[in-house]
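K.L.:
Here's a structure for you.
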Amino acid sequence: MTPAVDLYPELDTPQALIDLDTVDRNVSAMRALGRERGVDVRVHFKSLKCGGLAKYLMSAGFDTFLCAKLNEAEVLVGAGVKDVLVANQIVGPMKARRLAALAARATVSVCVDDAENVDELAAAAAEVGSTIGVLVEVDVGQRRCGVDPGEPAVALARHILKHAPALRFFGLQGYAGHIQMLPDLAERTAQCRAGLQLLVDTRRALEAAGIPVAVVTGAGTGTADAAAGFSGLTEIQPGSFVLMDAAYHAACPTYGCALSILTTVVSRRDERYVLDAGSKAISKDFGTPVIKGYPTDRVIAVNEEHTIVAPGAGAVVQVGDRREVLPAHCCATMNLHRSCVAVRGGKVEVVWPIEASGRYD
């Protein structure tokens, strides 16, 4: 094994790294899935937060994105993305005006589950002179946002149609985030398809009411395979597949871990060594991180500024050595960093700012 001390000696630590070779393999696998099953792939930006990475994915053939927050949509449009879905509710006059202004620059759509929010968005779009695309969010089992399937969704769609041309009804979203990492693949697949059936049945109810449905979107990285090709679903919306993390990879091993945090060993004792990055640089909300390339080394604690590791039997570790840490949650880890270094073949290729990190607007 190559001594860890040789890892990217030109970089200071801690530093977020993105392995582009792994990204390329992940992207190729997801793109192939979409093509084989005849479903569009809309990439979720909440895991990425980086305009440079969005541009890289556009060069690989992905031209539609979704995101969780309005600031992420602004970064995407600023990066040149022409079709963005905010897969969340945008509420309040300040955010409604920002959304309407963004919709004047690109095709922008948003999810709704409340008639008064629809009125608020319509007023903002009319004031700006833009058109906001709207999808009715349907609760397919997560019990978070969304109207109930069937007639409640039809009623809300009718309300949206009253606000043309300020609003344009696009279709439906139904996302089951709570099942994405279920370890039992058969259970995950069954729950995914049960939720999608509720979503597609709602599409049929809308069409029976004379309301065309252009887009029916849902699923994520963990359910992409189960959802792709499901009759009546037009697109899937995975995001974590690009970067992945140790926890998600365990549930969905098709996609490799491209994101790591480069660290330095700053202390060494017989039973442990200590790295110079902790929870301020490596998210632990989904579990314990993993030391890349050292399967017998075990992380025993993640403090604010330190990760404490028990080395495997016979391991030779010195102060100053480098280790790459695979976080347990890529989305939250990207949010902790203001830049990332894209590497290929063990060499630095480019440095990208992470424009949407540390923002919650």
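Residue numbering restarts at 1 in every chain; chains get A, B, ... in the order shown in the structure tokens, and ligands count up from 1 in that same order.
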Pro212 of chain A: which residues within 9 Å, counting only C-alpha atoms, same-chain residues fewer than 3 positions away excluded, as a list in words?
P.N.:
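The residues that qualify are Phe169, Phe170, Gly171, Arg203, Leu206, Glu207 and Ala209 of chain A.
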K.L.:
Neighbours of Arg204 of chain A within 10 Å (only C-alpha atoms; same-chain residues fewer than 6 positions away dropped), as a VMD selection string?
P.N.:
chain A and resid 150 198 210 to 213 232
K.L.:
Could you name the residues that touch Gln173 of chain A at 9 Å or less, counting only C-alpha atoms, but leaving out those on the same chain fewer than 6 positions away, as a list in words?
P.N.:
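Listing them by chain and then by number gives Ala87, Cys111, Leu135, Val136, Glu137, Val138, Asp139, Gly146, Leu199, Val215, Val216, Thr217 and Gly218 of chain A.
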K.L.:
Kindly export the residues of the current selection with all heavy atoms, as a PDB file, in the first residue's frame.
P.N.:
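Below is the file out_17.pdb, written as the result:
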ATOM      1  N   ALA A  87     -37.497  21.251  -5.182  1.00  0.00           N
ATOM      2  CA  ALA A  87     -38.335  20.140  -4.739  1.00  0.00           C
ATOM      3  C   ALA A  87     -38.752  20.338  -3.286  1.00  0.00           C
ATOM      4  O   ALA A  87     -38.563  19.468  -2.434  1.00  0.00           O
ATOM      5  CB  ALA A  87     -37.591  18.827  -4.912  1.00  0.00           C
ATOM      6  N   CYS A 111     -42.448  22.927  -5.801  1.00  0.00           N
ATOM      7  CA  CYS A 111     -43.492  22.058  -5.265  1.00  0.00           C
ATOM      8  C   CYS A 111     -44.420  22.843  -4.337  1.00  0.00           C
ATOM      9  O   CYS A 111     -43.975  23.739  -3.612  1.00  0.00           O
ATOM     10  CB  CYS A 111     -42.890  20.888  -4.490  1.00  0.00           C
ATOM     11  SG  CYS A 111     -42.082  19.675  -5.551  1.00  0.00           S
ATOM     12  N   LEU A 135     -45.448  22.000  -9.332  1.00  0.00           N
ATOM     13  CA  LEU A 135     -45.785  20.590  -9.179  1.00  0.00           C
ATOM     14  C   LEU A 135     -46.511  20.409  -7.855  1.00  0.00           C
ATOM     15  O   LEU A 135     -46.099  20.977  -6.831  1.00  0.00           O
ATOM     16  CB  LEU A 135     -44.546  19.698  -9.186  1.00  0.00           C
ATOM     17  CG  LEU A 135     -43.829  19.510 -10.527  1.00  0.00           C
ATOM     18  CD1 LEU A 135     -42.857  20.648 -10.777  1.00  0.00           C
ATOM     19  CD2 LEU A 135     -43.084  18.171 -10.556  1.00  0.00           C
ATOM     20  N   VAL A 136     -47.566  19.656  -7.867  1.00  0.00           N
ATOM     21  CA  VAL A 136     -48.235  19.296  -6.622  1.00  0.00           C
ATOM     22  C   VAL A 136     -47.440  18.174  -5.970  1.00  0.00           C
ATOM     23  O   VAL A 136     -47.185  17.137  -6.595  1.00  0.00           O
ATOM     24  CB  VAL A 136     -49.684  18.846  -6.873  1.00  0.00           C
ATOM     25  CG1 VAL A 136     -50.306  18.283  -5.591  1.00  0.00           C
ATOM     26  CG2 VAL A 136     -50.518  20.011  -7.394  1.00  0.00           C
ATOM     27  N   GLU A 137     -47.024  18.405  -4.729  1.00  0.00           N
ATOM     28  CA  GLU A 137     -46.340  17.340  -4.000  1.00  0.00           C
ATOM     29  C   GLU A 137     -47.371  16.423  -3.360  1.00  0.00           C
ATOM     30  O   GLU A 137     -48.297  16.887  -2.677  1.00  0.00           O
ATOM     31  CB  GLU A 137     -45.398  17.894  -2.939  1.00  0.00           C
ATOM     32  CG  GLU A 137     -44.656  16.790  -2.222  1.00  0.00           C
ATOM     33  CD  GLU A 137     -43.421  17.246  -1.479  1.00  0.00           C
ATOM     34  OE1 GLU A 137     -43.183  18.466  -1.378  1.00  0.00           O
ATOM     35  OE2 GLU A 137     -42.692  16.365  -0.985  1.00  0.00           O
ATOM     36  N   VAL A 138     -47.181  15.123  -3.568  1.00  0.00           N
ATOM     37  CA  VAL A 138     -48.075  14.101  -3.032  1.00  0.00           C
ATOM     38  C   VAL A 138     -47.331  13.317  -1.962  1.00  0.00           C
ATOM     39  O   VAL A 138     -46.197  12.876  -2.174  1.00  0.00           O
ATOM     40  CB  VAL A 138     -48.558  13.150  -4.151  1.00  0.00           C
ATOM     41  CG1 VAL A 138     -49.462  12.062  -3.583  1.00  0.00           C
ATOM     42  CG2 VAL A 138     -49.283  13.929  -5.244  1.00  0.00           C
ATOM     43  N   ASP A 139     -47.948  13.162  -0.815  1.00  0.00           N
ATOM     44  CA  ASP A 139     -47.350  12.378   0.264  1.00  0.00           C
ATOM     45  C   ASP A 139     -47.487  10.900  -0.079  1.00  0.00           C
ATOM     46  O   ASP A 139     -48.585  10.350  -0.089  1.00  0.00           O
ATOM     47  CB  ASP A 139     -48.046  12.686   1.586  1.00  0.00           C
ATOM     48  CG  ASP A 139     -47.423  11.962   2.766  1.00  0.00           C
ATOM     49  OD1 ASP A 139     -46.453  11.202   2.561  1.00  0.00           O
ATOM     50  OD2 ASP A 139     -47.908  12.147   3.896  1.00  0.00           O
ATOM     51  N   GLY A 146     -46.631  17.474   1.476  1.00  0.00           N
ATOM     52  CA  GLY A 146     -47.425  16.859   0.424  1.00  0.00           C
ATOM     53  C   GLY A 146     -48.879  16.682   0.795  1.00  0.00           C
ATOM     54  O   GLY A 146     -49.218  16.462   1.961  1.00  0.00           O
ATOM     55  N   LEU A 199     -48.697   7.614  -6.465  1.00  0.00           N
ATOM     56  CA  LEU A 199     -48.383   8.779  -7.279  1.00  0.00           C
ATOM     57  C   LEU A 199     -48.971   8.642  -8.688  1.00  0.00           C
ATOM     58  O   LEU A 199     -49.597   9.574  -9.214  1.00  0.00           O
ATOM     59  CB  LEU A 199     -46.866   8.950  -7.351  1.00  0.00           C
ATOM     60  CG  LEU A 199     -46.327  10.229  -7.966  1.00  0.00           C
ATOM     61  CD1 LEU A 199     -46.762  11.458  -7.187  1.00  0.00           C
ATOM     62  CD2 LEU A 199     -44.792  10.160  -8.050  1.00  0.00           C
ATOM     63  N   VAL A 215     -45.096  15.942 -16.067  1.00  0.00           N
ATOM     64  CA  VAL A 215     -43.981  15.411 -15.264  1.00  0.00           C
ATOM     65  C   VAL A 215     -44.524  14.673 -14.052  1.00  0.00           C
ATOM     66  O   VAL A 215     -45.392  15.191 -13.336  1.00  0.00           O
ATOM     67  CB  VAL A 215     -43.052  16.552 -14.803  1.00  0.00           C
ATOM     68  CG1 VAL A 215     -41.978  16.014 -13.860  1.00  0.00           C
ATOM     69  CG2 VAL A 215     -42.409  17.247 -15.999  1.00  0.00           C
ATOM     70  N   VAL A 216     -44.014  13.469 -13.832  1.00  0.00           N
ATOM     71  CA  VAL A 216     -44.255  12.734 -12.587  1.00  0.00           C
ATOM     72  C   VAL A 216     -42.881  12.302 -12.093  1.00  0.00           C
ATOM     73  O   VAL A 216     -42.213  11.481 -12.724  1.00  0.00           O
ATOM     74  CB  VAL A 216     -45.165  11.515 -12.794  1.00  0.00           C
ATOM     75  CG1 VAL A 216     -45.404  10.802 -11.457  1.00  0.00           C
ATOM     76  CG2 VAL A 216     -46.494  11.923 -13.417  1.00  0.00           C
ATOM     77  N   THR A 217     -42.449  12.873 -10.985  1.00  0.00           N
ATOM     78  CA  THR A 217     -41.064  12.719 -10.549  1.00  0.00           C
ATOM     79  C   THR A 217     -40.973  12.202  -9.127  1.00  0.00           C
ATOM     80  O   THR A 217     -41.815  12.513  -8.277  1.00  0.00           O
ATOM     81  CB  THR A 217     -40.312  14.071 -10.693  1.00  0.00           C
ATOM     82  OG1 THR A 217     -38.941  13.891 -10.337  1.00  0.00           O
ATOM     83  CG2 THR A 217     -40.925  15.151  -9.814  1.00  0.00           C
ATOM     84  N   GLY A 218     -39.935  11.412  -8.881  1.00  0.00           N
ATOM     85  CA  GLY A 218     -39.740  10.864  -7.535  1.00  0.00           C
ATOM     86  C   GLY A 218     -38.522   9.967  -7.490  1.00  0.00           C
ATOM     87  O   GLY A 218     -37.733   9.908  -8.431  1.00  0.00           O
TER      88      GLY A 218
END
K.L.:
Work out how far apart atom CA of Val350 of chain A and atom CA of Val325 of chain A are and give it in Å to one decimal.
P.N.:
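According to the coordinates, atom CA of Val350 of chain A and atom CA of Val325 of chain A are separated by 20.0 Å.
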K.L.:
Here is a test: counting only C-alpha atoms, which residue of A:Ala115, A:Arg268, A:Val200, A:Leu70 is nearest to Lys95 of chain A?
P.N.:
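Of the candidates, the smallest distance to Lys95 of chain A is held by A:Leu70.
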K.L.:
Val108 of chain A: which residues within 8 Å, counting only C-alpha atoms, same-chain residues fewer than 4 positions away excluded, as a ChimeraX atom specification?
P.N.:
/A:83-86,99,102-103,132-133
K.L.:
May I ask for the distance between atom CA of Arg158 of chain A and atom CA of Ala176 of chain A, given in Å to one decimal place?
P.N.:
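Distance between the two atoms: 24.7 Å.
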K.L.:
Between atom CA of Leu161 of chain A and atom CA of Ala100 of chain A, what is the spacing in Å?
P.N.:
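Separation of atom CA of Ala100 of chain A and atom CA of Leu161 of chain A: 17.1 Å.
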K.L.:
Measuring between only C-alpha atoms, which one of A:Cys340, A:Val110, A:Val348, A:Ala166 shows the shortest distance to Gly51 of chain A?
P.N.:
A:Cys340
K.L.:
At a cut-off of 7 Å, using only C-alpha atoms, what residues contact Val242 of chain A? Leave out same-chain residues fewer than 4 positions from it and give the result as a ChimeraX atom specification.
P.N.:
/A:23,26-27
K.L.:
DSSP on the backbone: what in segment 178-318 of chain A comes out helix (DSSP H, G or I), as a PyMOL selection string?
P.N.:
chain A and resi 178-179+185-208+221-227+246-251
